$ cat query36.cif   # mmCIF, N, CA and C atoms
data_run
#
loop_
_atom_site.label_atom_id
_atom_site.label_comp_id
_atom_site.auth_asym_id
_atom_site.auth_seq_id
_atom_site.Cartn_x
_atom_site.Cartn_y
_atom_site.Cartn_z
N MET I 1 -13.33 -5.93 3.61
CA MET I 1 -13.37 -4.93 2.56
C MET I 1 -13.56 -5.65 1.22
N THR I 2 -14.45 -5.16 0.42
CA THR I 2 -14.66 -5.70 -0.91
C THR I 2 -13.91 -4.84 -1.90
N PHE I 3 -13.19 -5.50 -2.79
CA PHE I 3 -12.40 -4.77 -3.77
C PHE I 3 -13.19 -4.66 -5.05
N LEU I 4 -13.52 -3.44 -5.39
CA LEU I 4 -14.48 -3.19 -6.45
C LEU I 4 -13.95 -2.43 -7.66
N CYS I 5 -12.71 -1.99 -7.64
CA CYS I 5 -12.27 -1.01 -8.61
C CYS I 5 -11.37 -1.55 -9.71
N ALA I 6 -11.61 -1.03 -10.90
CA ALA I 6 -10.72 -1.24 -12.04
C ALA I 6 -10.34 0.15 -12.53
N TYR I 7 -9.08 0.34 -12.86
CA TYR I 7 -8.58 1.65 -13.27
C TYR I 7 -8.11 1.61 -14.71
N GLU I 8 -8.36 2.69 -15.43
CA GLU I 8 -7.82 2.82 -16.78
C GLU I 8 -7.56 4.30 -17.07
N VAL I 9 -6.69 4.54 -18.04
CA VAL I 9 -6.39 5.90 -18.48
C VAL I 9 -6.82 6.01 -19.94
N LYS I 10 -7.62 7.03 -20.23
CA LYS I 10 -8.10 7.25 -21.59
C LYS I 10 -8.00 8.75 -21.88
N ASN I 11 -7.21 9.10 -22.87
CA ASN I 11 -7.00 10.51 -23.24
C ASN I 11 -6.56 11.35 -22.05
N GLY I 12 -5.71 10.79 -21.20
CA GLY I 12 -5.18 11.52 -20.06
C GLY I 12 -6.07 11.53 -18.83
N GLU I 13 -7.30 11.03 -18.97
CA GLU I 13 -8.23 10.99 -17.84
C GLU I 13 -8.16 9.63 -17.14
N LEU I 14 -8.24 9.67 -15.83
CA LEU I 14 -8.33 8.45 -15.04
C LEU I 14 -9.80 8.08 -14.94
N ILE I 15 -10.09 6.81 -15.21
CA ILE I 15 -11.46 6.30 -15.09
C ILE I 15 -11.44 5.18 -14.06
N VAL I 16 -12.27 5.32 -13.04
CA VAL I 16 -12.38 4.32 -11.98
C VAL I 16 -13.75 3.68 -12.11
N ARG I 17 -13.77 2.37 -12.36
CA ARG I 17 -15.03 1.65 -12.57
C ARG I 17 -15.23 0.56 -11.54
N SER I 18 -16.49 0.23 -11.36
CA SER I 18 -16.86 -0.93 -10.54
C SER I 18 -16.55 -2.19 -11.34
N THR I 19 -15.93 -3.17 -10.69
CA THR I 19 -15.68 -4.45 -11.36
C THR I 19 -16.95 -5.30 -11.41
N LYS I 20 -17.95 -4.92 -10.62
CA LYS I 20 -19.20 -5.69 -10.59
C LYS I 20 -20.14 -5.33 -11.74
N ASN I 21 -20.35 -4.02 -11.95
CA ASN I 21 -21.34 -3.62 -12.94
C ASN I 21 -20.84 -2.58 -13.95
N GLY I 22 -19.58 -2.20 -13.87
CA GLY I 22 -19.02 -1.25 -14.83
C GLY I 22 -19.34 0.21 -14.53
N GLU I 23 -20.09 0.46 -13.46
CA GLU I 23 -20.44 1.83 -13.08
C GLU I 23 -19.15 2.65 -12.85
N ILE I 24 -19.17 3.88 -13.30
CA ILE I 24 -18.02 4.76 -13.10
C ILE I 24 -18.13 5.42 -11.73
N PHE I 25 -17.11 5.16 -10.87
CA PHE I 25 -17.05 5.80 -9.56
C PHE I 25 -16.52 7.22 -9.70
N TRP I 26 -15.52 7.38 -10.56
CA TRP I 26 -14.89 8.70 -10.75
C TRP I 26 -14.20 8.74 -12.10
N LYS I 27 -14.22 9.91 -12.71
CA LYS I 27 -13.54 10.13 -13.98
C LYS I 27 -13.01 11.54 -13.96
N GLY I 28 -11.73 11.70 -14.27
CA GLY I 28 -11.19 13.04 -14.30
C GLY I 28 -9.67 13.07 -14.33
N LYS I 29 -9.15 14.27 -14.21
CA LYS I 29 -7.71 14.51 -14.21
C LYS I 29 -7.32 15.02 -12.82
N PRO I 30 -6.61 14.19 -12.05
CA PRO I 30 -6.21 14.63 -10.71
C PRO I 30 -5.40 15.91 -10.77
N LYS I 31 -5.73 16.86 -9.93
CA LYS I 31 -5.07 18.16 -9.88
C LYS I 31 -5.17 18.91 -11.21
N GLY I 32 -6.01 18.41 -12.13
CA GLY I 32 -6.21 19.05 -13.42
C GLY I 32 -5.18 18.65 -14.48
N TYR I 33 -4.37 17.62 -14.22
CA TYR I 33 -3.31 17.21 -15.13
C TYR I 33 -3.57 15.83 -15.71
N ASP I 34 -3.03 15.58 -16.91
CA ASP I 34 -3.14 14.28 -17.55
C ASP I 34 -2.45 13.20 -16.72
N VAL I 35 -3.04 12.02 -16.74
CA VAL I 35 -2.45 10.84 -16.10
C VAL I 35 -1.68 10.07 -17.16
N THR I 36 -0.44 9.69 -16.84
CA THR I 36 0.35 8.90 -17.78
C THR I 36 0.46 7.45 -17.38
N GLN I 37 0.28 7.16 -16.09
CA GLN I 37 0.41 5.79 -15.62
C GLN I 37 -0.46 5.61 -14.38
N VAL I 38 -1.08 4.43 -14.27
CA VAL I 38 -1.87 4.09 -13.08
C VAL I 38 -1.60 2.63 -12.73
N ILE I 39 -1.45 2.39 -11.43
CA ILE I 39 -1.24 1.03 -10.92
C ILE I 39 -2.17 0.84 -9.72
N SER I 40 -2.95 -0.23 -9.75
CA SER I 40 -3.81 -0.50 -8.60
C SER I 40 -2.97 -1.06 -7.47
N ILE I 41 -3.43 -0.84 -6.26
CA ILE I 41 -2.75 -1.33 -5.07
C ILE I 41 -3.46 -2.61 -4.62
N GLU I 42 -2.72 -3.70 -4.60
CA GLU I 42 -3.30 -4.98 -4.20
C GLU I 42 -3.83 -4.90 -2.77
N GLY I 43 -5.04 -5.42 -2.57
CA GLY I 43 -5.65 -5.41 -1.25
C GLY I 43 -6.29 -4.09 -0.89
N SER I 44 -6.47 -3.20 -1.87
CA SER I 44 -7.03 -1.88 -1.62
C SER I 44 -7.85 -1.45 -2.83
N ASN I 45 -8.73 -0.48 -2.62
CA ASN I 45 -9.46 0.13 -3.74
C ASN I 45 -8.73 1.36 -4.27
N ASP I 46 -7.61 1.70 -3.67
CA ASP I 46 -6.82 2.87 -4.09
C ASP I 46 -5.88 2.51 -5.24
N CYS I 47 -5.31 3.56 -5.84
CA CYS I 47 -4.34 3.35 -6.91
C CYS I 47 -3.22 4.39 -6.79
N ILE I 48 -2.13 4.10 -7.48
CA ILE I 48 -1.02 5.03 -7.60
C ILE I 48 -1.09 5.64 -8.99
N VAL I 49 -0.94 6.95 -9.07
CA VAL I 49 -1.07 7.68 -10.32
C VAL I 49 0.18 8.53 -10.55
N LEU I 50 0.65 8.50 -11.79
CA LEU I 50 1.74 9.38 -12.22
C LEU I 50 1.15 10.40 -13.18
N LEU I 51 1.32 11.67 -12.86
CA LEU I 51 0.80 12.75 -13.71
C LEU I 51 1.85 13.18 -14.73
N GLU I 52 1.39 13.56 -15.90
CA GLU I 52 2.28 14.07 -16.96
C GLU I 52 2.88 15.38 -16.50
N TRP I 53 4.18 15.49 -16.56
CA TRP I 53 4.83 16.71 -16.09
C TRP I 53 5.54 17.46 -17.22
N ARG I 54 5.89 16.79 -18.29
CA ARG I 54 6.66 17.44 -19.36
C ARG I 54 5.84 18.43 -20.16
N LYS I 55 4.57 18.14 -20.37
CA LYS I 55 3.73 18.98 -21.22
C LYS I 55 2.87 19.96 -20.45
N THR I 56 2.87 19.88 -19.13
CA THR I 56 1.87 20.64 -18.38
C THR I 56 2.44 21.53 -17.28
N ALA I 57 3.69 21.89 -17.37
CA ALA I 57 4.32 22.79 -16.39
C ALA I 57 4.29 22.22 -14.98
N LEU I 58 4.35 20.90 -14.86
CA LEU I 58 4.40 20.26 -13.55
C LEU I 58 5.84 19.96 -13.12
N GLU I 59 6.81 20.41 -13.89
CA GLU I 59 8.20 20.14 -13.54
C GLU I 59 8.50 20.70 -12.16
N ASN I 60 9.20 19.91 -11.36
CA ASN I 60 9.54 20.26 -9.98
C ASN I 60 8.30 20.50 -9.12
N GLN I 61 7.26 19.73 -9.41
CA GLN I 61 6.07 19.73 -8.57
C GLN I 61 5.70 18.28 -8.28
N LYS I 62 4.85 18.07 -7.32
CA LYS I 62 4.46 16.72 -6.92
C LYS I 62 3.56 16.10 -7.99
N ASN I 63 4.06 15.03 -8.62
CA ASN I 63 3.27 14.40 -9.68
C ASN I 63 3.07 12.89 -9.46
N LEU I 64 3.39 12.40 -8.27
CA LEU I 64 3.17 11.00 -7.93
C LEU I 64 2.20 10.96 -6.75
N LEU I 65 1.02 10.36 -6.97
CA LEU I 65 -0.07 10.44 -6.01
C LEU I 65 -0.67 9.07 -5.71
N ARG I 66 -1.26 8.98 -4.54
CA ARG I 66 -2.14 7.85 -4.23
C ARG I 66 -3.55 8.43 -4.18
N LEU I 67 -4.47 7.80 -4.90
CA LEU I 67 -5.86 8.27 -4.95
C LEU I 67 -6.80 7.20 -4.43
N ASP I 68 -7.90 7.65 -3.84
CA ASP I 68 -8.96 6.71 -3.47
C ASP I 68 -9.89 6.55 -4.68
N PRO I 69 -10.89 5.68 -4.62
CA PRO I 69 -11.74 5.43 -5.80
C PRO I 69 -12.59 6.61 -6.26
N HIS I 70 -12.64 7.66 -5.45
CA HIS I 70 -13.44 8.83 -5.81
C HIS I 70 -12.59 10.00 -6.27
N GLY I 71 -11.29 9.72 -6.53
CA GLY I 71 -10.39 10.75 -7.04
C GLY I 71 -9.79 11.65 -5.99
N ASN I 72 -9.99 11.33 -4.71
CA ASN I 72 -9.41 12.13 -3.63
C ASN I 72 -7.95 11.74 -3.42
N ILE I 73 -7.10 12.73 -3.19
CA ILE I 73 -5.68 12.48 -2.96
C ILE I 73 -5.49 11.97 -1.53
N VAL I 74 -4.90 10.79 -1.40
CA VAL I 74 -4.56 10.22 -0.10
C VAL I 74 -3.20 10.76 0.33
N TRP I 75 -2.24 10.78 -0.61
CA TRP I 75 -0.93 11.40 -0.37
C TRP I 75 -0.28 11.77 -1.70
N GLU I 76 0.68 12.67 -1.61
CA GLU I 76 1.55 13.04 -2.73
C GLU I 76 2.97 12.85 -2.24
N VAL I 77 3.83 12.33 -3.10
CA VAL I 77 5.23 12.20 -2.68
C VAL I 77 5.81 13.60 -2.64
N GLY I 78 6.42 13.90 -1.51
CA GLY I 78 6.95 15.24 -1.28
C GLY I 78 8.40 15.41 -1.67
N ASP I 79 9.07 16.25 -0.94
CA ASP I 79 10.47 16.54 -1.24
C ASP I 79 11.33 15.30 -1.07
N PRO I 80 12.33 15.14 -1.94
CA PRO I 80 13.25 14.02 -1.76
C PRO I 80 14.06 14.20 -0.49
N PRO I 81 14.47 13.11 0.14
CA PRO I 81 15.21 13.23 1.40
C PRO I 81 16.59 13.83 1.19
N LYS I 82 16.92 14.83 1.98
CA LYS I 82 18.20 15.50 1.84
C LYS I 82 19.36 14.65 2.37
N LYS I 83 19.09 13.82 3.36
CA LYS I 83 20.16 13.04 3.97
C LYS I 83 20.71 11.96 3.04
N VAL I 84 19.99 11.61 1.99
CA VAL I 84 20.49 10.61 1.05
C VAL I 84 20.97 11.25 -0.25
N ALA I 85 21.15 12.56 -0.22
CA ALA I 85 21.54 13.28 -1.43
C ALA I 85 22.85 12.74 -1.99
N TYR I 86 22.83 12.40 -3.25
CA TYR I 86 24.00 11.88 -3.94
C TYR I 86 24.72 12.99 -4.68
N GLY I 87 23.96 13.88 -5.25
CA GLY I 87 24.53 14.99 -6.00
C GLY I 87 24.04 16.30 -5.44
N PRO I 88 24.60 17.39 -5.89
CA PRO I 88 24.24 18.70 -5.34
C PRO I 88 22.79 19.10 -5.61
N GLU I 89 22.19 18.54 -6.66
CA GLU I 89 20.81 18.91 -6.98
C GLU I 89 19.78 18.17 -6.14
N ARG I 90 20.13 17.06 -5.53
CA ARG I 90 19.17 16.24 -4.79
C ARG I 90 18.79 16.92 -3.48
N GLY I 91 17.50 17.09 -3.26
CA GLY I 91 17.01 17.66 -2.02
C GLY I 91 16.81 19.16 -2.06
N ILE I 92 17.20 19.79 -3.16
CA ILE I 92 17.04 21.24 -3.25
C ILE I 92 15.62 21.60 -3.65
N GLU I 93 15.07 20.88 -4.62
CA GLU I 93 13.71 21.14 -5.10
C GLU I 93 12.91 19.85 -5.11
N ILE I 94 11.62 19.99 -5.21
CA ILE I 94 10.76 18.82 -5.44
C ILE I 94 11.10 18.30 -6.83
N GLU I 95 11.22 17.00 -6.96
CA GLU I 95 11.51 16.41 -8.26
C GLU I 95 10.26 15.80 -8.87
N SER I 96 10.18 15.86 -10.17
CA SER I 96 9.11 15.18 -10.87
C SER I 96 9.54 13.74 -11.11
N TYR I 97 8.57 12.85 -11.05
CA TYR I 97 8.83 11.43 -11.32
C TYR I 97 8.55 11.14 -12.78
N THR I 98 9.35 10.23 -13.35
CA THR I 98 9.22 9.91 -14.77
C THR I 98 8.61 8.54 -15.02
N GLY I 99 8.56 7.69 -14.00
CA GLY I 99 7.96 6.37 -14.19
C GLY I 99 7.84 5.60 -12.90
N ILE I 100 6.83 4.73 -12.88
CA ILE I 100 6.62 3.80 -11.77
C ILE I 100 7.11 2.45 -12.26
N THR I 101 8.01 1.83 -11.53
CA THR I 101 8.54 0.56 -11.99
C THR I 101 7.84 -0.64 -11.38
N SER I 102 7.46 -0.55 -10.10
CA SER I 102 6.81 -1.70 -9.48
C SER I 102 6.23 -1.34 -8.12
N ILE I 103 5.38 -2.24 -7.66
CA ILE I 103 4.92 -2.22 -6.27
C ILE I 103 5.27 -3.59 -5.71
N GLU I 104 6.08 -3.60 -4.68
CA GLU I 104 6.48 -4.85 -4.04
C GLU I 104 6.19 -4.74 -2.55
N LYS I 105 5.37 -5.65 -2.07
CA LYS I 105 4.95 -5.67 -0.67
C LYS I 105 4.35 -4.32 -0.32
N SER I 106 4.97 -3.55 0.55
CA SER I 106 4.39 -2.27 0.96
C SER I 106 5.17 -1.09 0.39
N GLN I 107 5.95 -1.34 -0.67
CA GLN I 107 6.76 -0.27 -1.26
C GLN I 107 6.49 -0.09 -2.75
N LEU I 108 6.49 1.15 -3.14
CA LEU I 108 6.39 1.55 -4.54
C LEU I 108 7.78 1.95 -4.99
N ASN I 109 8.17 1.55 -6.18
CA ASN I 109 9.46 1.97 -6.73
C ASN I 109 9.19 2.87 -7.92
N ALA I 110 9.81 4.06 -7.90
CA ALA I 110 9.60 5.03 -8.96
C ALA I 110 10.91 5.75 -9.27
N PHE I 111 11.03 6.19 -10.52
CA PHE I 111 12.21 6.92 -10.95
C PHE I 111 11.96 8.42 -10.91
N ALA I 112 12.91 9.16 -10.36
CA ALA I 112 12.83 10.62 -10.31
C ALA I 112 13.65 11.19 -11.47
N TYR I 113 13.34 12.40 -11.85
CA TYR I 113 13.95 13.05 -13.01
C TYR I 113 15.48 13.12 -12.94
N PHE I 114 16.03 13.37 -11.77
CA PHE I 114 17.48 13.54 -11.66
C PHE I 114 18.25 12.23 -11.56
N GLY I 115 17.60 11.08 -11.84
CA GLY I 115 18.32 9.83 -11.91
C GLY I 115 18.27 8.96 -10.68
N PHE I 116 17.36 9.23 -9.79
CA PHE I 116 17.23 8.44 -8.57
C PHE I 116 16.07 7.46 -8.68
N SER I 117 16.25 6.31 -8.08
CA SER I 117 15.18 5.34 -7.92
C SER I 117 14.75 5.42 -6.45
N ASP I 118 13.52 5.80 -6.22
CA ASP I 118 13.02 5.97 -4.86
C ASP I 118 12.11 4.81 -4.47
N HIS I 119 12.27 4.35 -3.24
CA HIS I 119 11.41 3.34 -2.65
C HIS I 119 10.48 4.10 -1.70
N ILE I 120 9.19 4.01 -1.97
CA ILE I 120 8.20 4.85 -1.30
C ILE I 120 7.21 3.97 -0.53
N ASP I 121 6.93 4.35 0.71
CA ASP I 121 5.97 3.63 1.53
C ASP I 121 4.57 3.82 0.96
N ILE I 122 3.90 2.72 0.65
CA ILE I 122 2.56 2.77 0.06
C ILE I 122 1.53 3.44 0.97
N GLU I 123 1.66 3.24 2.27
CA GLU I 123 0.67 3.77 3.21
C GLU I 123 0.81 5.27 3.44
N THR I 124 2.05 5.78 3.48
CA THR I 124 2.27 7.18 3.86
C THR I 124 2.77 8.08 2.74
N GLY I 125 3.37 7.51 1.71
CA GLY I 125 3.97 8.32 0.65
C GLY I 125 5.37 8.80 1.00
N ALA I 126 5.91 8.35 2.12
CA ALA I 126 7.26 8.76 2.54
C ALA I 126 8.32 8.02 1.73
N ILE I 127 9.38 8.72 1.37
CA ILE I 127 10.49 8.09 0.68
C ILE I 127 11.33 7.36 1.72
N ILE I 128 11.43 6.05 1.58
CA ILE I 128 12.13 5.20 2.53
C ILE I 128 13.61 5.09 2.17
N LYS I 129 13.87 4.94 0.88
CA LYS I 129 15.23 4.73 0.41
C LYS I 129 15.35 5.35 -0.97
N SER I 130 16.52 5.88 -1.26
CA SER I 130 16.76 6.49 -2.54
C SER I 130 18.12 6.07 -3.05
N GLU I 131 18.16 5.64 -4.31
CA GLU I 131 19.41 5.19 -4.91
C GLU I 131 19.66 5.94 -6.22
N PHE I 132 20.89 6.37 -6.42
CA PHE I 132 21.26 7.01 -7.67
C PHE I 132 21.52 5.91 -8.69
N VAL I 133 20.77 5.92 -9.80
CA VAL I 133 20.89 4.86 -10.80
C VAL I 133 21.24 5.35 -12.19
N LYS I 134 21.32 6.62 -12.38
CA LYS I 134 21.54 7.19 -13.71
C LYS I 134 23.01 7.28 -14.03
#
$ encode --input "query36.cif" --output "structure tokens"
Amino acid sequence: MTFLCAYEVKNGELIVRSTKNGEIFWKGKPKGYDVTQVISIEGSNDCIVLLEWRKTALENQKNLLRLDPHGNIVWEVGDPPKKVAYGPERGIEIESYTGITSIEKSQLNAFAYFGFSDHIDIETGAIIKSEFVK
């Protein structure tokens, strides 16, 4: 596999370019919402995207996505796991994510609105582990 993509965010739009010639593979707003953060996935042409939720009525909706270079959604992080619920609010509704902290090996680490740090499988989007940190 040849890795060809560079990602940037400009005025809320995700821009996916070829690293060889600068050609734009895709430009837009996933699900119609502004992008606040993008991280490329090492060894892949895909990226992880965090959508703005505070200004666009995305609260309690899926706003953490993996996209392919053409803007197609590979996965969205779904409902938080109920079995790891720390407080009464955890697991009741879909939570919006507020930031991506890192990608380590095959896991993405992101913060959820209610104070949890979730470890998410890069390949599937499944929440592997959740810790209350707030």
$ atom_distance --input "query36.cif" --atom1 "atom CA of I:Tyr97" --atom2 "atom CA of I:Trp26"
23.9 Å
$ select_by_dssp --input "query36.cif" --residues "chain I" --states "strand (DSSP E)" --output "JSON, numbers by chain"
{"I": [5, 6, 7, 8, 9, 10, 13, 14, 15, 16, 17, 18, 24, 25, 26, 27, 28, 35, 36, 37, 38, 39, 40, 47, 48, 49, 50, 51, 64, 65, 66, 67, 73, 74, 75, 76, 97, 98, 99, 100, 101, 102, 103, 104, 107, 108, 109, 110, 111, 112, 116, 117, 118, 119, 120, 121, 127, 128, 129, 130, 131, 132]}
$ atom_distance --input "query36.cif" --atom1 "atom N of I:Asp121" --atom2 "atom C of I:Val133"
19.3 Å
$ residues_around --input "query36.cif" --residues "I:Leu65" --least-positions-apart "4" --cutoff "7 Å" --atoms "only N, CA and C atoms" --output "MDAnalysis selection string"
chainID I and resid 47:51 73:77
$ atom_distance --input "query36.cif" --atom1 "atom N of I:Thr98" --atom2 "atom N of I:Asn72"
21.2 Å
$ closest_residue --input "query36.cif" --among "I:Ser96, I:Thr19, I:Ser40, I:Ser130" --to "I:Ser117" --atoms "all atoms listed in the file"
I:Ser130
$ resolve_selection --input "query36.cif" --expression "the PyMOL selection byres (((chain I and resi 12 and name CA) around 7) and name CA)" --output "short mmCIF file (atom, residue, chain, number, x, y, z; two decimals) with N, CA and C atoms, in the frame of the given file"
data_model
loop_
_atom_site.label_atom_id
_atom_site.label_comp_id
_atom_site.auth_asym_id
_atom_site.auth_seq_id
_atom_site.Cartn_x
_atom_site.Cartn_y
_atom_site.Cartn_z
N VAL I 9 -6.69 4.54 -18.04
CA VAL I 9 -6.39 5.90 -18.48
C VAL I 9 -6.82 6.01 -19.94
N LYS I 10 -7.62 7.03 -20.23
CA LYS I 10 -8.10 7.25 -21.59
C LYS I 10 -8.00 8.75 -21.88
N ASN I 11 -7.21 9.10 -22.87
CA ASN I 11 -7.00 10.51 -23.24
C ASN I 11 -6.56 11.35 -22.05
N GLU I 13 -7.30 11.03 -18.97
CA GLU I 13 -8.23 10.99 -17.84
C GLU I 13 -8.16 9.63 -17.14
N LEU I 14 -8.24 9.67 -15.83
CA LEU I 14 -8.33 8.45 -15.04
C LEU I 14 -9.80 8.08 -14.94
N ASP I 34 -3.03 15.58 -16.91
CA ASP I 34 -3.14 14.28 -17.55
C ASP I 34 -2.45 13.20 -16.72
N VAL I 35 -3.04 12.02 -16.74
CA VAL I 35 -2.45 10.84 -16.10
C VAL I 35 -1.68 10.07 -17.16
N THR I 36 -0.44 9.69 -16.84
CA THR I 36 0.35 8.90 -17.78
C THR I 36 0.46 7.45 -17.38
#
$ residues_around --input "query36.cif" --residues "I:Pro69" --least-positions-apart "4" --cutoff "7 Å" --atoms "only C-alpha atoms" --output "MDAnalysis selection string"
chainID I and resid 16 25:26 45:46
$ closest_residue --input "query36.cif" --among "I:Asn63, I:Arg54, I:Tyr33, I:Asp118" --to "I:Ser102" --atoms "only C-alpha atoms"
I:Asp118
$ residues_around --input "query36.cif" --residues "I:Asn109" --least-positions-apart "5" --cutoff "9 Å" --atoms "only C-alpha atoms" --output "PyMOL selection string"
chain I and resi 99-104+117-120
$ decode --input "query36.cif" --residues "stretch 34-69 of chain I" --atoms "C-alpha atoms" --output "short mmCIF file (atom, residue, chain, number, x, y, z; two decimals), in the first residue's frame"
data_model
loop_
_atom_site.label_atom_id
_atom_site.label_comp_id
_atom_site.auth_asym_id
_atom_site.auth_seq_id
_atom_site.Cartn_x
_atom_site.Cartn_y
_atom_site.Cartn_z
CA ASP I 34 -17.31 21.40 10.98
CA VAL I 35 -14.14 19.45 11.73
CA THR I 36 -12.23 20.60 14.82
CA GLN I 37 -9.42 18.05 14.85
CA VAL I 38 -7.88 15.54 12.44
CA ILE I 39 -5.17 12.95 13.04
CA SER I 40 -3.75 10.70 10.35
CA ILE I 41 -3.44 7.00 11.09
CA GLU I 42 0.10 5.72 10.70
CA GLY I 43 0.35 2.97 8.08
CA SER I 44 -3.00 3.93 6.53
CA ASN I 45 -4.53 6.51 4.21
CA ASP I 46 -7.40 6.97 6.68
CA CYS I 47 -7.72 9.58 9.40
CA ILE I 48 -9.56 10.17 12.66
CA VAL I 49 -11.83 13.21 12.72
CA LEU I 50 -13.50 15.04 15.59
CA LEU I 51 -16.57 17.04 14.59
CA GLU I 52 -17.59 20.28 16.31
CA TRP I 53 -20.51 19.53 18.58
CA ARG I 54 -20.96 22.68 20.69
CA LYS I 55 -22.03 25.00 17.88
CA THR I 56 -23.88 22.58 15.63
CA ALA I 57 -26.44 20.67 17.72
CA LEU I 58 -24.30 17.53 17.67
CA GLU I 59 -24.48 17.15 21.45
CA ASN I 60 -25.14 13.52 22.40
CA GLN I 61 -24.52 12.39 18.85
CA LYS I 62 -21.63 10.52 17.27
CA ASN I 63 -18.89 13.05 16.53
CA LEU I 64 -15.74 10.89 16.47
CA LEU I 65 -15.18 9.22 13.09
CA ARG I 66 -12.67 7.32 11.01
CA LEU I 67 -12.71 8.43 7.38
CA ASP I 68 -11.12 7.06 4.24
CA PRO I 69 -9.34 9.45 1.81
#
